[in-house]
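Asker: Before anything else, here's the structure in question.
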Amino acid sequence: MTRCTLAGPYASTEAVYVDLARQLGLPGHFGANLDALWDALTRDVPGPVEIVWPDFPAARRTLGPDADGIRATLEEAAAERRDVAVVIGGLSD
């Protein structure tokens, strides 16, 4: 199983994409945007994969709605593939 932990802190949305690309071994053509993330997670990343974002609230405070978009894309990819799991911590914070 590949495990990716988004530990931050992230100063920018681009930093999140760089971390995802590094940890998941995303292909060189990864475009660092929501559409590219969806494509990579549903087509290019071999499973099983677990993506953990333990301090999402801190990322949301820094990145604003961009953090929500990344979270939604991760969760939608997990709904699409049985071998992808996403764990978001502190959603009630």
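Chain identifiers are assigned as A, B, and so on, following the order in which chains appear in the structure tokens; residues are numbered from 1 within each chain, and ligands are numbered from 1 in order of appearance.
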Quick one: DSSP helix (DSSP H, G or I) residues in chain A, as a count of residues only?
Answerer: 47
Asker: If we count only C-alpha atoms, what is near A:Glu75 at a cut-off of 10 Å, once residues fewer than 5 positions away on the same chain are taken out, given as a ChimeraX atom specification?
Answerer: /A:38,51,69-70,80-81,84-88
Asker: Excluding A:Leu26 and residues on its chain fewer than 4 positions from it, collect all residues at most 12 Å away from it, counting only C-alpha atoms, and give them as a PyMOL selection string.
Answerer: chain A and resi 4+17-22+30-32+36-46
Asker: Could the residues in this selection be written to a file with N, CA and C atoms, as a PDB file, in the first residue's frame?
Answerer:
ATOM      1  N   CYS A   4       0.289   8.286   1.690  1.00  0.00           N
ATOM      2  CA  CYS A   4       0.664   9.682   1.496  1.00  0.00           C
ATOM      3  C   CYS A   4       0.093  10.476   2.662  1.00  0.00           C
ATOM      4  N   TYR A  17       0.379  20.312  -4.147  1.00  0.00           N
ATOM      5  CA  TYR A  17       0.523  19.501  -5.358  1.00  0.00           C
ATOM      6  C   TYR A  17       1.920  18.884  -5.460  1.00  0.00           C
ATOM      7  N   VAL A  18       2.946  19.642  -5.112  1.00  0.00           N
ATOM      8  CA  VAL A  18       4.316  19.119  -5.151  1.00  0.00           C
ATOM      9  C   VAL A  18       4.452  17.953  -4.178  1.00  0.00           C
ATOM     10  N   ASP A  19       3.884  18.085  -2.987  1.00  0.00           N
ATOM     11  CA  ASP A  19       3.957  17.022  -1.988  1.00  0.00           C
ATOM     12  C   ASP A  19       3.192  15.775  -2.463  1.00  0.00           C
ATOM     13  N   LEU A  20       2.000  15.977  -3.009  1.00  0.00           N
ATOM     14  CA  LEU A  20       1.242  14.850  -3.550  1.00  0.00           C
ATOM     15  C   LEU A  20       2.020  14.151  -4.670  1.00  0.00           C
ATOM     16  N   ALA A  21       2.567  14.929  -5.583  1.00  0.00           N
ATOM     17  CA  ALA A  21       3.314  14.361  -6.702  1.00  0.00           C
ATOM     18  C   ALA A  21       4.507  13.553  -6.209  1.00  0.00           C
ATOM     19  N   ARG A  22       5.226  14.088  -5.242  1.00  0.00           N
ATOM     20  CA  ARG A  22       6.402  13.397  -4.709  1.00  0.00           C
ATOM     21  C   ARG A  22       6.020  12.091  -4.009  1.00  0.00           C
ATOM     22  N   PHE A  30       2.078  15.615 -14.797  1.00  0.00           N
ATOM     23  CA  PHE A  30       1.074  16.078 -13.833  1.00  0.00           C
ATOM     24  C   PHE A  30       1.009  17.599 -13.867  1.00  0.00           C
ATOM     25  N   GLY A  31      -0.192  18.142 -14.058  1.00  0.00           N
ATOM     26  CA  GLY A  31      -0.373  19.563 -14.287  1.00  0.00           C
ATOM     27  C   GLY A  31      -0.619  20.419 -13.065  1.00  0.00           C
ATOM     28  N   ALA A  32      -0.604  19.850 -11.869  1.00  0.00           N
ATOM     29  CA  ALA A  32      -0.760  20.614 -10.628  1.00  0.00           C
ATOM     30  C   ALA A  32      -2.015  21.480 -10.619  1.00  0.00           C
ATOM     31  N   ALA A  36      -6.009  17.694 -13.205  1.00  0.00           N
ATOM     32  CA  ALA A  36      -4.856  16.805 -13.307  1.00  0.00           C
ATOM     33  C   ALA A  36      -4.789  15.868 -12.104  1.00  0.00           C
ATOM     34  N   LEU A  37      -5.132  16.371 -10.924  1.00  0.00           N
ATOM     35  CA  LEU A  37      -5.139  15.530  -9.732  1.00  0.00           C
ATOM     36  C   LEU A  37      -6.160  14.411  -9.886  1.00  0.00           C
ATOM     37  N   TRP A  38      -7.347  14.750 -10.343  1.00  0.00           N
ATOM     38  CA  TRP A  38      -8.384  13.740 -10.584  1.00  0.00           C
ATOM     39  C   TRP A  38      -7.885  12.684 -11.562  1.00  0.00           C
ATOM     40  N   ASP A  39      -7.342  13.137 -12.684  1.00  0.00           N
ATOM     41  CA  ASP A  39      -6.849  12.199 -13.701  1.00  0.00           C
ATOM     42  C   ASP A  39      -5.767  11.291 -13.128  1.00  0.00           C
ATOM     43  N   ALA A  40      -4.815  11.859 -12.399  1.00  0.00           N
ATOM     44  CA  ALA A  40      -3.732  11.059 -11.844  1.00  0.00           C
ATOM     45  C   ALA A  40      -4.247  10.033 -10.841  1.00  0.00           C
ATOM     46  N   LEU A  41      -5.152  10.460  -9.968  1.00  0.00           N
ATOM     47  CA  LEU A  41      -5.657   9.543  -8.936  1.00  0.00           C
ATOM     48  C   LEU A  41      -6.543   8.447  -9.508  1.00  0.00           C
ATOM     49  N   THR A  42      -7.263   8.745 -10.564  1.00  0.00           N
ATOM     50  CA  THR A  42      -8.179   7.731 -11.101  1.00  0.00           C
ATOM     51  C   THR A  42      -7.563   6.907 -12.220  1.00  0.00           C
ATOM     52  N   ARG A  43      -6.416   7.343 -12.764  1.00  0.00           N
ATOM     53  CA  ARG A  43      -5.822   6.619 -13.902  1.00  0.00           C
ATOM     54  C   ARG A  43      -4.375   6.192 -13.701  1.00  0.00           C
ATOM     55  N   ASP A  44      -3.573   7.036 -13.059  1.00  0.00           N
ATOM     56  CA  ASP A  44      -2.125   6.833 -13.085  1.00  0.00           C
ATOM     57  C   ASP A  44      -1.527   6.220 -11.827  1.00  0.00           C
ATOM     58  N   VAL A  45      -2.173   6.363 -10.704  1.00  0.00           N
ATOM     59  CA  VAL A  45      -1.608   5.900  -9.440  1.00  0.00           C
ATOM     60  C   VAL A  45      -2.077   4.474  -9.171  1.00  0.00           C
ATOM     61  N   PRO A  46      -1.124   3.538  -9.071  1.00  0.00           N
ATOM     62  CA  PRO A  46      -1.530   2.169  -8.754  1.00  0.00           C
ATOM     63  C   PRO A  46      -1.972   2.061  -7.290  1.00  0.00           C
TER      64      PRO A  46
END
Asker: Quick one: distance from atom CA of A:Ala59 to atom CA of A:Asn33 in Å, one decimal?
Answerer: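 Spanning atom CA of A:Ala59 to atom CA of A:Asn33 is a straight-line distance of 16.6 Å.
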Asker: Give the answer as one residue: which of A:Pro57, A:Leu34, A:Gly28, A:Pro48 has the shortest atom-to-atom distance to A:Ala72, using only C-alpha atoms?
Answerer: A:Leu34
Asker: Step one, run DSSP on the backbone; step two, keep only residues of chain A assigned to strand (DSSP E); then write them as a ChimeraX atom specification.
Answerer: /A:2-5,49-53,84-88
Asker: Quick one: residues within 10 Å of A:Asp83, only C-alpha atoms counted, chain neighbours fewer than 3 positions away excluded, as a VMD selection string?
Answerer: chain A and resid 1 46 to 50 77 to 80
Asker: For A:Gly89, work out the shell of residues within 12 Å, counting only C-alpha atoms and skipping chain neighbours fewer than 4 positions away, then give it as an MDAnalysis selection string.
Answerer: chainID A and resid 5:7 51:60 71 93
